[in-house]
Amino acid sequence: MKNFLSLLGILILFTDTVCSQIQPGGFPDFTPFQLSDASMDFDDGIDPMQSRLFRTTSTREQISLSGFWEFIADPNEKGDDEKYFESWPGVETLMWVPGTWNSTSRHWQYVGQAWYRRTVEMPKSGNLRLHFGGIFYYCEIWVDGKKLGSHEGGYTPFEFIIQNLEKGDHQIIVKVSNKLSSETVPKADTDWFPYGGIYRPVYAEIISDVIIQRIKALPVLGKDKKAIIKTQVSINNISTQTITKDLKLILNGRIIKTVSVQCQYGVSKHDLEIVINDSKLWSPESPYLYSLGAEIGNKEDDQFTRIGLRSFRKDGYRLLLNEEPFKFMGVNHHDDHPDWGSAMPPELIKKDIEIIKALNANGVRCHYPPSKLFLDFCDQSGLVIFNEIPAWQLTPSMMANPVVKQKMKDQFAEMVVRDYNHPSIFCWSIGNEWREMEKSYDDVTEVLEFAQSFDSTHFVTLVTGGAHPDKSFEFSDLITTNWDEYSWYGDITTPDSTIAKSRIERLETIHLTFPDHPIILSEVGGAGAQAGWHNWGNVKWSEEFQAINTTESVKFSLYTEWMSGGLVWQFCDTRSAPTRILTARLRGWNVKGIVDNYRHPKMSYYGLQKLFKNYREQKSRQ
Ligand code: ADA
């Protein structure tokens, strides 16, 4: 026993010495975060389509299109000439939907065109609404040999309505391509994997002639717990007649307003206000959600969403959330997993959220609109979201290309329409690290102004690389730039304090030039670390080097008064572009995750967890 105790003593001493040498580490302090149950007293927390955390309708008959679809890879693009949409050549293999072919052993690296087929059974004749949550990247859809249309952009949903479809089986064919180029958004060779396929939930709904198309809710906070929810309900009338109907608004399960509306053919918008006298706010500490619904007639159609009452605004260089100073403490997240690719199942999304919450973080940035389930979990667990379109490292010639600009605008509009109601949404970003921006300010301002006019109720920003003062900071709502205190690329072997000094000076110059602008480090501390590789000398690729880099850089953003926080690059190790497998990325993976690809923590996870915890405790004592 005595021997055991002295061995334990030596071990503790040894580990302590190592940890103080590498500073940010220390013993793991894992306080698991348990996400609260999705159900609330006013909804049952179950979406049979597995697309949201709550039921979106109580009236529409929904048909899940998850499951195995017939699949054919078409590298030589024969399918168009041979009209696969009219005569299906036979099954090559089965592919799981929602899923990506790049997580199957057979099509692990496949970038090209592919075809999917399955049938949908109409239990009765009627109108069918087909909803696709996300197909990467380009697709065309046919039903019973008739083309319904196409969609470009891999991260936003789209739908088709087919009127008067007969009872019985109908064939759906989808052509998908994950080929990227200099005219796509994202462009080819972007630093994450272009996982191809029907990778987000797909379902069909039988709908009436007049349906709720969208509920848009803008909370306006007043004094003495009073709040107004400015609500706009879009109704789609697909019949040829003008129809007058009752429109009801439902808050937390209770009908609180009924108006009579007249709807002509097509989409009409109806503005209504809800006044709440005893409002409960949404915040990272207390993420209270309201269920908001709209119903037409006597349960002829309905739709439900969740909203939260909160306000973001800037006050000089400070950010305010519900009028209290807010510092972003977060991570950059990709939808990525070795076994699922971008098609992360609900349980894995939930796990990521729990790991991020256990980090004591309060926010997440994504390079593209994440899945709806991810955002629902953020709303529910109190994580603030920095949402972006995947316009990554564009060159001046791409920015000047009207085709690319139009695609950016389309994707921006689709992101805002999809995600507007989430209380977790803090800002929209029109892109990341565009190159040589000084050559493209006209194009930059064109896209930025489009974005700001499309939605003037959230911050709109553009992420720059390297924290250099940039003219775009003048017209962007926030300064969001990517920075690390110690360089990692280049010939660096160990953290270098002279580099750190010059990098801090860069940030100070930005602040002195734009003293009234909040500055957020949208990516901070990015350093690759091979999980499990340790080194006494804090050498590049070691967990020690990464831990120092991430914690020190984040510490600067937290403890510098004029900084509004930082988001670590990145949450987990992710697969990079197929072209990078032999070059810039270790085994083809970007290993800058603070957890590895299977979510095992690296040292930097624990270093950050401690840092965020100490910062929170210090703030709560003030
Ligand atoms: C940039 C970029 C990221 C990633 C990162 C890296 O900051 O925005 O997407 O590529 O570099 O890992 O080098």
# chains A, B, ... in the order shown; residues from 1 in each chain; ligands from 1
>>> select_by_dssp(residues="segment 318-528 of chain A", states="alpha helix (DSSP H)", output="ChimeraX atom specification")
/A:346-358,372-381,396-400,402-419,441-454,472-475,497-513
>>> residues_near_ligand(ligand="ligand 1", cutoff="8 Å", atoms="only C-alpha atoms and all ligand atoms", output="PyMOL selection string")
chain A and resi 190-192+367+392-393+432-433+465+482-483+523+526-528+569-570+590-592
>>> residues_around(residues="Asp339 of chain A", least_positions_apart="3", cutoff="9 Å", atoms="only C-alpha atoms", output="list in words")
Ser103, Thr104, Asp336, Met344 and Tyr598 of chain A
>>> residues_around(residues="segment 434-440 of chain A", least_positions_apart="4", cutoff="12 Å", atoms="only C-alpha atoms", output="ChimeraX atom specification")
/A:187,390-401,430,444-447,462-466,468-473,481-482
>>> residues_around(residues="segment 378-383 of chain A", least_positions_apart="2", cutoff="7 Å", atoms="only C-alpha atoms", output="PyMOL selection string")
chain A and resi 35+283-287+362-364+374-376+385+422-424
>>> select_by_dssp(residues="segment 418-574 of chain A", states="strand (DSSP E or B)", output="ChimeraX atom specification")
/A:425-432,459-465,479-483,519-524,529,541,563-568,572,574
>>> write_last_selection(atoms="N, CA and C atoms", output="tab-separated table (two decimals), in the first residue's frame")
chain	number	residue	atom	x	y	z
A	425	ILE	N	-29.41	32.29	-34.06
A	425	ILE	CA	-28.69	32.98	-35.15
A	425	ILE	C	-28.28	34.37	-34.70
A	426	PHE	N	-26.98	34.60	-34.77
A	426	PHE	CA	-26.40	35.86	-34.35
A	426	PHE	C	-26.02	36.71	-35.57
A	427	CYS	N	-25.41	36.09	-36.58
A	427	CYS	CA	-25.05	36.86	-37.77
A	427	CYS	C	-25.02	35.95	-38.99
A	428	TRP	N	-25.06	36.61	-40.15
A	428	TRP	CA	-24.88	35.94	-41.43
A	428	TRP	C	-23.53	36.39	-41.98
A	429	SER	N	-22.81	35.46	-42.58
A	429	SER	CA	-21.55	35.84	-43.23
A	429	SER	C	-21.65	35.51	-44.72
A	430	ILE	N	-21.13	36.45	-45.55
A	430	ILE	CA	-21.23	36.22	-47.01
A	430	ILE	C	-20.03	35.45	-47.54
A	431	GLY	N	-19.08	35.12	-46.67
A	431	GLY	CA	-17.98	34.31	-47.17
A	431	GLY	C	-16.77	34.35	-46.26
A	432	ASN	N	-15.76	33.65	-46.70
A	432	ASN	CA	-14.57	33.46	-45.88
A	432	ASN	C	-13.27	33.67	-46.65
A	459	PHE	N	-26.92	40.95	-37.90
A	459	PHE	CA	-25.63	41.44	-38.40
A	459	PHE	C	-25.28	40.69	-39.68
A	460	VAL	N	-24.63	41.41	-40.62
A	460	VAL	CA	-24.09	40.75	-41.81
A	460	VAL	C	-22.61	41.06	-41.86
A	461	THR	N	-21.80	40.04	-42.10
A	461	THR	CA	-20.36	40.24	-42.08
A	461	THR	C	-19.68	39.45	-43.18
A	462	LEU	N	-18.38	39.69	-43.32
A	462	LEU	CA	-17.53	38.95	-44.25
A	462	LEU	C	-16.27	38.61	-43.48
A	463	VAL	N	-15.88	37.35	-43.50
A	463	VAL	CA	-14.71	36.93	-42.74
A	463	VAL	C	-13.44	37.15	-43.56
A	464	THR	N	-12.47	37.86	-42.97
A	464	THR	CA	-11.20	38.04	-43.68
A	464	THR	C	-10.15	37.13	-43.07
A	465	GLY	N	-9.06	36.96	-43.82
A	465	GLY	CA	-8.00	36.08	-43.33
A	465	GLY	C	-6.85	36.89	-42.75
A	479	ILE	N	-16.37	43.28	-37.43
A	479	ILE	CA	-15.07	42.87	-37.95
A	479	ILE	C	-14.87	41.42	-37.53
A	480	THR	N	-14.83	40.55	-38.51
A	480	THR	CA	-14.65	39.14	-38.21
A	480	THR	C	-13.45	38.66	-39.01
A	481	THR	N	-12.42	38.23	-38.31
A	481	THR	CA	-11.19	37.87	-39.00
A	481	THR	C	-10.57	36.64	-38.36
A	482	ASN	N	-9.80	35.91	-39.18
A	482	ASN	CA	-9.20	34.66	-38.71
A	482	ASN	C	-7.76	34.93	-38.29
A	483	TRP	N	-7.40	34.42	-37.12
A	483	TRP	CA	-6.11	34.81	-36.51
A	483	TRP	C	-5.63	33.71	-35.59
A	519	ILE	N	-14.82	43.35	-32.69
A	519	ILE	CA	-13.91	42.46	-33.43
A	519	ILE	C	-14.07	41.05	-32.87
A	520	ILE	N	-14.39	40.14	-33.76
A	520	ILE	CA	-14.50	38.72	-33.37
A	520	ILE	C	-13.45	37.94	-34.13
A	521	LEU	N	-12.73	37.09	-33.44
A	521	LEU	CA	-11.80	36.21	-34.14
A	521	LEU	C	-12.61	34.99	-34.58
A	522	SER	N	-12.97	35.02	-35.86
A	522	SER	CA	-13.88	33.99	-36.38
A	522	SER	C	-13.21	32.63	-36.46
A	523	GLU	N	-11.89	32.62	-36.60
A	523	GLU	CA	-11.12	31.38	-36.46
A	523	GLU	C	-9.91	31.74	-35.65
A	524	VAL	N	-9.65	30.97	-34.63
A	524	VAL	CA	-8.52	31.30	-33.79
A	524	VAL	C	-7.79	30.04	-33.36
A	529	ALA	N	-2.91	18.87	-35.00
A	529	ALA	CA	-2.29	17.97	-34.03
A	529	ALA	C	-2.74	16.55	-34.30
A	541	TRP	N	2.66	19.55	-34.72
A	541	TRP	CA	1.84	18.34	-34.86
A	541	TRP	C	1.57	17.66	-33.51
A	563	MET	N	-11.98	43.19	-27.49
A	563	MET	CA	-12.27	42.05	-28.37
A	563	MET	C	-13.62	41.45	-27.98
A	564	SER	N	-14.35	40.96	-28.98
A	564	SER	CA	-15.66	40.36	-28.69
A	564	SER	C	-15.64	38.84	-28.75
A	565	GLY	N	-14.47	38.26	-28.60
A	565	GLY	CA	-14.42	36.81	-28.47
A	565	GLY	C	-13.77	36.10	-29.64
A	566	GLY	N	-13.70	34.79	-29.51
A	566	GLY	CA	-13.02	34.00	-30.53
A	566	GLY	C	-13.63	32.61	-30.66
A	567	LEU	N	-13.52	32.11	-31.89
A	567	LEU	CA	-14.06	30.77	-32.19
A	567	LEU	C	-12.90	29.90	-32.66
A	568	VAL	N	-12.67	28.85	-31.91
A	568	VAL	CA	-11.51	28.00	-32.19
A	568	VAL	C	-11.63	27.31	-33.54
A	572	CYS	N	-13.66	19.43	-34.67
A	572	CYS	CA	-13.13	18.06	-34.80
A	572	CYS	C	-12.28	17.94	-36.07
A	574	THR	N	-11.43	16.85	-39.66
A	574	THR	CA	-12.39	16.68	-40.76
A	574	THR	C	-11.66	16.27	-42.04
>>> closest_residue(among="A:Ser487, A:Ser181, A:Thr550, A:Gln264", to="Ser239 of chain A", atoms="only C-alpha atoms")
A:Gln264
>>> closest_residue(among="A:Gly297, A:Pro601, A:Gly154, A:Pro345", to="Val210 of chain A", atoms="only C-alpha atoms")
A:Gly297
>>> residues_around(residues="Ile235 of chain A", least_positions_apart="5", cutoff="12 Å", atoms="only C-alpha atoms", output="PyMOL selection string")
chain A and resi 208-216+243-247+261-271+294-296+301-303
>>> write_last_selection(atoms="C-alpha atoms", output="PDB file, in the first residue's frame")
ATOM      1  CA  SER A 208     -54.488  20.822 -49.422  1.00  0.00           C
ATOM      2  CA  ASP A 209     -54.899  23.541 -52.074  1.00  0.00           C
ATOM      3  CA  VAL A 210     -54.080  26.321 -49.627  1.00  0.00           C
ATOM      4  CA  ILE A 211     -51.056  25.855 -47.399  1.00  0.00           C
ATOM      5  CA  ILE A 212     -48.845  27.766 -44.986  1.00  0.00           C
ATOM      6  CA  GLN A 213     -45.630  28.294 -46.897  1.00  0.00           C
ATOM      7  CA  ARG A 214     -43.601  30.032 -44.212  1.00  0.00           C
ATOM      8  CA  ILE A 215     -43.878  31.684 -40.802  1.00  0.00           C
ATOM      9  CA  LYS A 216     -41.385  34.504 -40.274  1.00  0.00           C
ATOM     10  CA  ILE A 243     -60.125  31.911 -51.408  1.00  0.00           C
ATOM     11  CA  THR A 244     -61.133  33.576 -48.119  1.00  0.00           C
ATOM     12  CA  LYS A 245     -60.098  31.676 -45.007  1.00  0.00           C
ATOM     13  CA  ASP A 246     -59.520  32.093 -41.286  1.00  0.00           C
ATOM     14  CA  LEU A 247     -55.880  32.336 -40.349  1.00  0.00           C
ATOM     15  CA  VAL A 261     -57.518  36.495 -45.072  1.00  0.00           C
ATOM     16  CA  GLN A 262     -58.108  36.556 -48.789  1.00  0.00           C
ATOM     17  CA  CYS A 263     -55.652  34.562 -50.872  1.00  0.00           C
ATOM     18  CA  GLN A 264     -55.325  34.787 -54.618  1.00  0.00           C
ATOM     19  CA  TYR A 265     -53.466  32.219 -56.687  1.00  0.00           C
ATOM     20  CA  GLY A 266     -49.796  32.059 -55.608  1.00  0.00           C
ATOM     21  CA  VAL A 267     -48.069  33.242 -52.459  1.00  0.00           C
ATOM     22  CA  SER A 268     -49.605  36.011 -50.344  1.00  0.00           C
ATOM     23  CA  LYS A 269     -48.051  37.485 -47.191  1.00  0.00           C
ATOM     24  CA  HIS A 270     -50.031  38.402 -44.070  1.00  0.00           C
ATOM     25  CA  ASP A 271     -48.571  40.527 -41.252  1.00  0.00           C
ATOM     26  CA  ALA A 294     -50.277  29.078 -37.922  1.00  0.00           C
ATOM     27  CA  GLU A 295     -53.446  27.289 -38.996  1.00  0.00           C
ATOM     28  CA  ILE A 296     -55.720  27.783 -41.988  1.00  0.00           C
ATOM     29  CA  ASP A 301     -53.370  23.129 -42.948  1.00  0.00           C
ATOM     30  CA  ASP A 302     -50.949  24.074 -40.208  1.00  0.00           C
ATOM     31  CA  GLN A 303     -47.258  24.681 -39.615  1.00  0.00           C
TER      32      GLN A 303
END
>>> atom_distance(atom1="atom CA of Ser311 of chain A", atom2="atom CA of Gln618 of chain A")
24.1 Å
